[in-house]
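Next comes target.txt, a file with compact mmCIF, C-alpha atoms.
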```
# COMPACT_ATOMS: atom_id res chain seq x y z
CA MET S 1 -18.67 4.66 3.48
CA ILE S 2 -16.43 2.31 5.48
CA LYS S 3 -14.52 4.12 8.18
CA GLN S 4 -11.16 2.59 8.74
CA HIS S 5 -7.59 3.43 9.69
CA PRO S 6 -6.03 4.52 6.39
CA PRO S 7 -2.72 3.10 5.20
CA SER S 8 0.14 4.45 7.28
CA VAL S 9 3.90 4.25 7.67
CA VAL S 10 3.69 5.78 11.15
CA GLY S 11 0.98 4.24 13.33
CA PRO S 12 -1.55 1.39 13.31
CA PHE S 13 -3.66 0.81 10.22
CA ASP S 14 -6.18 -1.70 8.85
CA LEU S 15 -5.61 -4.58 6.46
CA ILE S 16 -8.40 -6.14 4.44
CA SER S 17 -7.84 -9.58 2.97
CA THR S 18 -7.91 -10.14 -0.78
CA TYR S 19 -10.29 -13.02 -0.05
CA ASP S 20 -12.76 -11.05 2.07
CA PRO S 21 -16.29 -12.07 1.01
CA SER S 22 -17.43 -8.44 1.09
CA LEU S 23 -15.18 -7.61 -1.88
CA ALA S 24 -17.05 -7.44 -5.18
CA TRP S 25 -14.76 -9.73 -7.19
CA PRO S 26 -16.35 -10.56 -10.55
CA GLU S 27 -17.89 -14.02 -10.68
CA PRO S 28 -16.57 -16.43 -13.34
CA PRO S 29 -19.21 -17.30 -15.94
CA THR S 30 -20.97 -20.63 -15.66
CA ARG S 31 -20.05 -23.32 -18.14
CA GLU S 32 -22.50 -23.75 -20.99
CA THR S 33 -23.91 -27.16 -21.83
CA GLY S 34 -21.69 -28.99 -24.27
CA GLU S 35 -18.88 -26.44 -23.98
CA THR S 36 -15.47 -28.14 -24.17
CA ASP S 37 -12.69 -27.52 -21.65
CA GLY S 38 -10.77 -25.58 -24.28
CA ASP S 39 -13.73 -23.40 -25.25
CA TYR S 40 -14.57 -22.63 -21.64
CA LYS S 41 -10.95 -21.76 -20.90
CA ALA S 42 -10.79 -19.51 -23.96
CA ARG S 43 -14.00 -17.77 -22.89
CA LEU S 44 -12.61 -17.24 -19.39
CA GLU S 45 -9.44 -15.73 -20.82
CA ARG S 46 -11.34 -13.47 -23.17
CA ASP S 47 -14.28 -12.35 -21.01
CA PHE S 48 -13.50 -13.04 -17.37
CA ASN S 49 -9.76 -12.63 -16.81
CA PRO S 50 -9.62 -8.97 -17.92
CA LYS S 51 -12.45 -8.14 -15.46
CA ARG S 52 -10.65 -10.02 -12.68
CA ASP S 53 -7.37 -8.21 -13.44
CA GLU S 54 -9.12 -4.84 -13.50
CA PHE S 55 -10.73 -5.57 -10.13
CA ALA S 56 -7.33 -6.53 -8.70
CA ARG S 57 -6.02 -3.15 -9.87
CA GLN S 58 -8.97 -1.36 -8.25
CA LEU S 59 -8.24 -3.23 -5.03
CA LEU S 60 -4.64 -1.97 -5.09
CA THR S 61 -5.95 1.58 -5.56
CA ALA S 62 -8.31 1.07 -2.60
CA ARG S 63 -5.37 -0.07 -0.48
CA GLU S 64 -3.34 2.98 -1.52
CA THR S 65 -6.10 5.51 -0.97
CA GLY S 66 -7.78 3.81 2.00
CA ASN S 67 -11.13 4.19 0.21
CA PHE S 68 -12.65 0.72 -0.18
CA GLY S 69 -16.13 1.96 -1.16
CA PRO S 70 -15.76 1.24 -4.89
CA VAL S 71 -14.61 -2.39 -4.39
CA LEU S 72 -17.16 -3.53 -1.80
CA LYS S 73 -20.47 -5.27 -2.30
CA ASP S 74 -23.37 -3.44 -0.75
CA GLY S 75 -24.15 -4.64 2.72
CA ASN S 76 -21.59 -6.48 4.82
CA PRO S 77 -18.54 -4.50 5.85
CA PRO S 78 -15.20 -6.29 5.44
CA THR S 79 -13.20 -7.80 8.28
CA ARG S 80 -10.56 -5.27 9.29
CA PHE S 81 -7.33 -6.53 10.80
CA ARG S 82 -5.76 -3.72 12.82
CA VAL S 83 -1.97 -3.95 12.70
CA ARG S 84 0.93 -1.91 14.01
CA GLN S 85 4.13 -1.05 12.17
CA MET S 86 6.67 -3.83 12.50
CA PRO S 87 9.28 -2.37 14.89
CA PRO S 88 12.77 -1.93 13.34
CA SER S 89 14.17 -4.19 16.09
CA MET S 90 12.07 -7.05 14.66
CA TRP S 91 13.08 -6.40 11.06
CA VAL S 92 16.74 -6.58 12.09
CA GLN S 93 16.20 -10.15 13.34
CA TRP S 94 13.64 -11.18 10.75
CA ASP S 95 15.75 -12.84 8.01
CA ARG S 96 17.69 -14.95 10.53
CA VAL S 97 14.61 -16.02 12.48
CA VAL S 98 12.54 -17.05 9.44
CA ALA S 99 15.37 -18.70 7.48
CA LYS S 100 14.09 -22.23 8.15
CA LEU S 101 10.37 -21.46 8.06
CA SER S 102 7.97 -22.25 5.22
CA PRO S 103 6.18 -19.37 3.44
CA LEU S 104 3.03 -20.13 5.44
CA GLU S 105 4.93 -20.11 8.74
CA ARG S 106 6.62 -16.82 7.82
CA ALA S 107 3.27 -15.24 7.03
CA ALA S 108 1.80 -16.51 10.30
CA LEU S 109 4.75 -15.12 12.24
CA ALA S 110 4.45 -11.74 10.48
CA ILE S 111 0.82 -11.61 11.61
CA ARG S 112 1.79 -12.50 15.19
CA CYS S 113 4.39 -9.70 15.17
CA VAL S 114 1.95 -6.91 14.29
CA LEU S 115 -1.69 -7.88 14.87
CA LEU S 116 -3.45 -5.64 17.39
CA GLY S 117 -7.05 -6.70 16.85
CA ALA S 118 -9.74 -7.42 14.30
CA GLU S 119 -13.23 -6.14 13.64
CA GLY S 120 -15.81 -8.43 12.08
CA TRP S 121 -13.70 -11.50 12.75
CA THR S 122 -14.59 -14.61 14.76
CA PRO S 123 -17.00 -13.78 17.63
CA GLY S 124 -15.22 -12.80 20.84
CA PHE S 125 -11.82 -12.60 19.15
CA ALA S 126 -9.16 -10.66 21.00
CA VAL S 127 -5.39 -10.67 20.73
CA GLY S 128 -4.17 -12.20 23.96
CA ARG S 129 -1.22 -11.22 26.11
CA SER S 130 2.05 -11.12 24.14
CA VAL S 131 4.54 -13.93 24.58
CA GLU S 132 8.28 -14.18 23.98
CA HIS S 133 8.88 -15.66 20.54
CA LEU S 134 10.93 -18.86 20.69
CA ASP S 135 13.00 -20.42 17.93
CA LEU S 136 12.70 -24.06 16.83
CA ASP S 137 15.00 -25.11 19.71
CA GLY S 138 12.85 -23.36 22.29
CA HIS S 139 15.23 -20.45 22.88
CA PRO S 140 14.22 -16.77 22.61
CA SER S 141 14.52 -16.01 18.89
CA GLY S 142 15.42 -12.34 19.24
CA LEU S 143 12.14 -11.09 17.81
CA GLY S 144 10.90 -10.26 21.29
CA GLN S 145 7.23 -10.19 22.25
CA VAL S 146 4.67 -11.40 19.71
CA ALA S 147 0.97 -12.25 19.84
CA PRO S 148 0.20 -15.78 21.12
CA PHE S 149 -0.33 -18.59 18.63
CA ASP S 150 -4.09 -18.44 19.38
CA VAL S 151 -4.42 -15.58 16.90
CA ILE S 152 -3.35 -17.93 14.10
CA ALA S 153 -5.64 -20.66 15.40
CA SER S 154 -8.53 -18.21 14.98
CA PHE S 155 -7.96 -18.28 11.20
CA TYR S 156 -8.67 -22.01 11.22
CA VAL S 157 -11.88 -21.37 13.16
CA ALA S 158 -13.04 -18.67 10.72
CA ALA S 159 -12.06 -20.63 7.61
CA THR S 160 -11.04 -24.17 6.87
CA GLY S 161 -7.82 -25.77 5.67
CA GLU S 162 -6.51 -24.27 2.46
CA ASP S 163 -8.75 -21.20 2.71
CA ALA S 164 -7.24 -20.35 6.08
CA ASP S 165 -3.73 -20.95 4.72
CA GLU S 166 -4.39 -18.61 1.79
CA LEU S 167 -5.82 -15.94 4.07
CA ILE S 168 -2.76 -16.11 6.33
CA LYS S 169 -0.40 -15.93 3.34
CA ASP S 170 -2.30 -12.96 1.91
CA LEU S 171 -2.19 -10.93 5.14
CA GLY S 172 1.42 -11.95 5.72
CA ALA S 173 2.37 -10.74 2.25
CA GLN S 174 0.65 -7.39 2.85
CA ILE S 175 2.67 -6.97 6.06
CA LEU S 176 6.00 -8.10 4.61
CA ASN S 177 5.62 -5.91 1.51
CA ARG S 178 5.90 -2.89 3.76
CA ARG S 179 9.37 -3.73 4.92
CA GLY S 180 11.23 -0.86 3.23
CA SER S 181 15.00 -0.98 2.84
CA SER S 182 16.40 1.11 5.69
CA SER S 183 18.04 -0.75 8.53
CA GLY S 184 15.97 1.27 10.98
CA ASN S 185 18.86 1.46 13.42
CA MET V 186 5.74 6.60 -3.24
CA GLU V 187 6.59 8.57 -6.36
CA GLY V 188 4.37 11.31 -4.97
CA LEU V 189 6.94 12.11 -2.29
CA ARG V 190 9.53 13.03 -4.92
CA LEU V 191 7.05 14.83 -7.13
CA LEU V 192 5.40 16.87 -4.40
CA PRO V 193 7.94 19.74 -4.18
CA HIS V 194 7.88 20.17 -7.97
CA PHE V 195 4.10 19.85 -8.08
CA GLN V 196 3.63 22.47 -5.34
CA ALA V 197 5.94 24.90 -7.14
CA SER V 198 4.34 24.44 -10.55
CA GLN V 199 2.02 27.06 -12.03
CA ASP V 200 0.36 24.89 -14.65
CA THR V 201 -1.17 22.11 -12.56
CA LYS V 202 -4.22 23.69 -10.94
CA HIS V 203 -6.47 21.43 -13.03
CA LEU V 204 -4.81 18.36 -11.49
CA ARG V 205 -5.22 19.28 -7.84
CA ASP V 206 -8.77 18.08 -7.23
CA CYS V 207 -9.33 14.46 -8.29
CA ASP V 208 -13.11 14.59 -7.80
CA ALA V 209 -13.46 17.68 -10.00
CA CYS V 210 -11.13 16.16 -12.60
CA LYS V 211 -13.21 12.95 -12.69
CA GLN V 212 -16.32 15.03 -13.41
CA ARG V 213 -14.65 17.26 -15.97
CA GLU V 214 -12.57 14.83 -18.02
CA THR V 215 -13.46 11.66 -19.91
CA VAL V 216 -12.09 8.31 -18.76
CA THR V 217 -9.88 8.08 -21.87
CA LYS V 218 -8.43 11.53 -21.27
CA ARG V 219 -7.68 10.66 -17.65
CA GLN V 220 -6.06 7.41 -18.80
CA HIS V 221 -3.82 9.53 -21.03
CA MET V 222 -3.06 11.69 -17.97
CA GLY V 223 -1.98 8.61 -15.96
CA CYS V 224 -4.93 8.81 -13.54
CA GLY V 225 -4.42 6.49 -10.56
CA TYR V 226 -8.12 5.68 -10.44
CA GLU V 227 -8.32 4.38 -14.00
CA ALA V 228 -7.07 1.26 -15.74
CA PRO V 229 -3.85 1.73 -17.73
CA LEU V 230 -4.34 3.06 -21.23
CA PRO V 231 -4.98 0.22 -23.75
CA GLU V 232 -1.88 -0.30 -25.88
CA ALA V 233 -3.72 0.67 -29.04
CA LEU V 234 -4.29 4.17 -27.65
CA GLY V 235 -0.61 4.88 -26.98
CA THR V 236 1.25 5.62 -23.77
CA ALA V 237 0.00 7.64 -20.81
CA ARG V 238 1.80 10.95 -20.35
CA PRO V 239 1.26 12.12 -16.78
CA TRP V 240 2.36 15.63 -15.87
CA THR V 241 6.11 15.49 -15.27
CA PRO V 242 8.26 18.34 -13.87
CA HIS V 243 10.42 20.02 -16.47
CA TRP V 244 13.55 19.15 -14.47
CA TRP V 245 12.62 15.46 -14.51
CA VAL V 246 12.12 15.63 -18.28
CA MET V 247 15.61 17.15 -18.59
CA GLN V 248 17.01 14.15 -16.68
CA GLY V 249 15.14 11.77 -18.97
CA TRP V 250 12.77 10.66 -16.21
CA ASP V 251 9.04 10.09 -16.54
CA ALA V 252 6.34 10.25 -13.90
CA SER V 253 4.37 7.01 -13.97
CA ILE V 254 1.13 8.36 -12.51
CA CYS V 255 -0.73 11.66 -12.23
CA PRO V 256 0.75 13.73 -9.38
CA GLY V 257 -2.75 14.89 -8.44
CA TYR V 258 -3.24 11.28 -7.30
CA SER V 259 0.24 10.32 -6.12
CA THR V 260 0.87 13.43 -3.99
CA THR V 261 -2.42 13.18 -2.09
CA LEU V 262 -2.24 9.56 -0.96
CA PRO V 263 -2.65 9.21 2.83
CA GLU V 264 0.89 7.95 3.36
CA VAL V 265 2.38 10.81 1.33
CA VAL V 266 0.43 13.36 3.35
CA GLU V 267 1.50 11.62 6.56
CA VAL V 268 5.18 11.65 5.56
CA THR V 269 4.94 15.33 4.69
CA TYR V 270 3.94 15.99 8.31
CA ALA V 271 6.60 13.61 9.57
CA TYR V 272 9.28 15.40 7.56
CA GLY V 273 8.91 18.57 9.60
CA GLN V 274 9.35 16.52 12.77
CA TRP V 275 12.37 14.74 11.31
CA GLU V 276 14.04 18.07 10.52
CA ALA V 277 13.26 19.38 14.00
CA GLY V 278 14.69 16.24 15.64
CA THR V 279 11.34 15.32 17.19
CA LEU V 280 10.39 12.40 14.96
CA THR V 281 10.44 9.72 17.68
CA GLU V 282 8.21 11.77 19.98
CA TRP V 283 5.84 12.58 17.12
CA VAL V 284 5.59 8.92 16.08
CA ALA V 285 4.77 8.00 19.70
CA SER V 286 2.03 10.66 19.72
CA MET V 287 0.53 8.96 16.63
CA GLU V 288 0.24 5.62 18.52
CA GLY V 289 3.35 4.35 16.76
CA GLU V 290 6.44 2.85 18.35
CA ALA V 291 9.90 3.47 16.93
CA PRO V 292 9.93 5.07 13.45
CA SER V 293 9.32 2.24 10.98
CA ARG V 294 11.70 1.31 8.19
CA ALA V 295 9.03 2.28 5.67
CA LEU V 296 8.79 5.73 7.28
CA LEU V 297 12.58 6.21 7.17
CA ASP V 298 12.61 5.22 3.49
CA ALA V 299 9.76 7.59 2.78
CA LEU V 300 11.52 10.46 4.56
CA ALA V 301 14.63 9.88 2.46
CA MET V 302 12.45 10.01 -0.64
CA ARG V 303 10.81 13.24 0.49
CA LYS V 304 14.26 14.72 1.11
CA ALA V 305 15.37 13.59 -2.36
CA GLY V 306 12.36 15.37 -3.86
CA ILE V 307 13.23 18.58 -2.02
CA ASN V 308 16.86 18.35 -3.16
CA GLU V 309 15.75 17.81 -6.74
CA ARG V 310 13.50 20.85 -6.57
CA GLN V 311 16.40 22.95 -5.24
CA HIS V 312 18.57 21.74 -8.12
CA ALA V 313 15.78 22.61 -10.54
CA GLU V 314 15.47 26.15 -9.13
CA TYR V 315 19.24 26.61 -9.33
CA ASP V 316 19.24 25.44 -12.95
CA GLU V 317 16.34 27.77 -13.79
CA ARG V 318 18.19 30.74 -12.24
CA GLU V 319 21.37 29.89 -14.11
CA ARG V 320 19.50 29.54 -17.36
CA ALA V 321 17.76 32.88 -16.84
CA ARG V 322 21.10 34.52 -16.02
CA GLY V 323 22.61 33.08 -19.21
CA GLN V 324 19.80 34.47 -21.30
CA ARG V 325 20.21 38.01 -19.97
```
Taking this structure as input, can you express it in the form of structure tokens?
Amino acid sequence: MIKQHPPSVVGPFDLISTYDPSLAWPEPPTRETGETDGDYKARLERDFNPKRDEFARQLLTARETGNFGPVLKDGNPPTRFRVRQMPPSMWVQWDRVVAKLSPLERAALAIRCVLLGAEGWTPGFAVGRSVEHLDLDGHPSGLGQVAPFDVIASFYVAATGEDADELIKDLGAQILNRRGSSSGN
Amino acid sequence: MEGLRLLPHFQASQDTKHLRDCDACKQRETVTKRQHMGCGYEAPLPEALGTARPWTPHWWVMQGWDASICPGYSTTLPEVVEVTYAYGQWEAGTLTEWVASMEGEAPSRALLDALAMRKAGINERQHAEYDERERARGQR
């Protein structure tokens, strides 16, 4: 049983990436000799896609209940990213600050706003001293203190190129989905 | 967080004891039956088998509303339990202090939304009790 901070709307909690290698995603079947593109695609749609969709649903349940046991492979525990709640003062500024950023940059900034630490991540990883977030002109953006850019660089040490981008987008989406609608003021 | 709105009705209900322990329910009922009950641990019911009918409070039914998931699942999720504690603090005016004691900072937007939903559930339950009393009075 993996012990982790369960999902919370009050205090810190753990995020586990959709791409974590410890998750027991079903493997796509191997292509048979002589199988055409169309046949292979049809077989994927018929046999593999429903299993993949069902696993995605089980992963959502694990995120809701905080019990990841049923979706993990035996053995390696997943990497757990410990995050705090995004303070209301940051949400108030968020839309203005990210207006000119790409989806990847938004996700990276969301991570910098809330990341407290990570277990099972790159060796020796620690979230360094917070820094004032600056806008594209180098002025304080209004978000206040965020984690240094090094935390994002660590994703490109742990994974490469597109994999790191996808991981950042996935964690960013999990953070931004928890926005809620209240102003928080 | 449908569970936050269902919780007051679910707690007041007399006919839901069989839904209150998910582990026991999983052992007792077949997968198909739990799919019909809207179990949060199971895949949605295949179309050919019809539509899931989770337990829904009578008052919701009267409004034409449906629960989308079994309340045994939705009312026991960690965040629902957490908000139930937070609600008492909110009413007492000590929410900020309580959040700080839980390693949080200012109350999050998600928490404020969830508290509003919990309050809506309590209001709905009060309406339901009022309606039940009025109906009983009319029948006398």
Checklist entry - When the cut-off is 8 Å and we count only C-alpha atoms, which residues of chain V are near chain S, given as a PyMOL selection string? => result chain V and resi 225-226+228+262-264+267-268+284+287-298
Next on the checklist: So that I can check the surroundings of Val83 (chain S), please list as number ranges by chain every protein, DNA and RNA residue that reaches within 7 Å of it, counting all atoms listed in the file and ignoring chain neighbours fewer than 5 positions away.
Outcome noted: S: 12-14, 114-116
I need the chosen residues saved as a JSON list (two decimals), keeping the file's coordinate frame, with C-alpha atoms.
```json
[["chain", "number", "residue", "atom", "x", "y", "z"],
["S", 12, "PRO", "CA", -1.55, 1.39, 13.31],
["S", 13, "PHE", "CA", -3.66, 0.81, 10.22],
["S", 14, "ASP", "CA", -6.18, -1.70, 8.85],
["S", 114, "VAL", "CA", 1.95, -6.91, 14.29],
["S", 115, "LEU", "CA", -1.69, -7.88, 14.87],
["S", 116, "LEU", "CA", -3.45, -5.64, 17.39]]
```
Next on the checklist: Env of region 29-40 of chain S: 12 Å cut, atoms = only C-alpha atoms, seq-sep filter 5 positions within chain, self excluded. Answer as a PyMOL selection string.
Outcome noted: chain S and resi 45-49+51-52
Where's the centre, and what are the edge lengths in Å to one decimal, of a box along x, y and z enclosing all listed atoms of region 87-102 of chain S padded 4 Å per side, as lines of an AutoDock Vina configuration file?
```
center_x = 12.8
center_y = -12.1
center_z = 10.7
size_x = 17.7
size_y = 28.3
size_z = 18.9
```
Item to check | Selected residue, from V:Gln324, V:Thr279, V:Thr260, V:Thr201, that lies nearest to Arg303 (chain V) when counting all atoms listed in the file | outcome: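 Nearest to Arg303 (chain V): V:Thr260.
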Next on the checklist: What does the structure give for the distance between CA of Cys224 (chain V) and CA of Arg80 (chain S), in Å to one decimal?
Outcome noted: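 Computed distance, CA of Cys224 (chain V) to CA of Arg80 (chain S), equals 27.4 Å.
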Checklist entry - Can you list, as a list in words, every protein, DNA or RNA residue that comes within 6 Å of Ala107 (chain S) when you count only C-alpha atoms, leaving out same-chain residues fewer than 3 positions away? => result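 Within the cut-off, the hits are Leu104, Ala110, Lys169 and Gly172 of chain S.
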Item to check | From S:Cys113, S:Leu15, S:Leu72, S:Leu59, residue lying nearest Phe149 (chain S) [only C-alpha atoms] | outcome: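 With only C-alpha atoms as the atom set, the closest residue is S:Cys113.
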Next on the checklist: Would you pick out the contacts of Gly223 (chain V) at 7 Å or less, using all atoms listed in the file, so that residues sharing its chain but fewer than 2 positions from it are not included, and give the list as a PyMOL selection string?
Outcome noted: chain V and resi 219-221+225+237-239+253-255
Next on the checklist: What does the structure give for the distance between CA of Asp135 (chain S) and CA of Ala173 (chain S), in Å to one decimal?
Outcome noted: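 CA of Ala173 (chain S) lies 21.3 Å from CA of Asp135 (chain S).
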Item to check | Selection near Ala313 (chain V), 9 Å with only C-alpha atoms, sequence-local residues under 2 positions removed, as a PyMOL selection string | outcome: chain V and resi 194+243-245+308-311+315-318
Could the residues in this selection be written to a file with C-alpha atoms, as a PDB file, keeping the file's coordinate frame?
```pdb
ATOM      1  CA  HIS V 194       7.880  20.170  -7.970  1.00  0.00           C
ATOM      2  CA  HIS V 243      10.420  20.020 -16.470  1.00  0.00           C
ATOM      3  CA  TRP V 244      13.550  19.150 -14.470  1.00  0.00           C
ATOM      4  CA  TRP V 245      12.620  15.460 -14.510  1.00  0.00           C
ATOM      5  CA  ASN V 308      16.860  18.350  -3.160  1.00  0.00           C
ATOM      6  CA  GLU V 309      15.750  17.810  -6.740  1.00  0.00           C
ATOM      7  CA  ARG V 310      13.500  20.850  -6.570  1.00  0.00           C
ATOM      8  CA  GLN V 311      16.400  22.950  -5.240  1.00  0.00           C
ATOM      9  CA  TYR V 315      19.240  26.610  -9.330  1.00  0.00           C
ATOM     10  CA  ASP V 316      19.240  25.440 -12.950  1.00  0.00           C
ATOM     11  CA  GLU V 317      16.340  27.770 -13.790  1.00  0.00           C
ATOM     12  CA  ARG V 318      18.190  30.740 -12.240  1.00  0.00           C
TER      13      ARG V 318
END
```
Next on the checklist: Given all atoms listed in the file as the basis, pick out the residue of S:Thr122, S:Gln93, S:Ser22, S:Asn67 nearest to Gly144 (chain S).
Outcome noted: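 Residue with the minimum atom-to-atom distance to Gly144 (chain S): S:Gln93.
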Checklist outcome for this item: What separates CA of Met302 (chain V) and CA of Met90 (chain S) is a distance of 22.9 Å
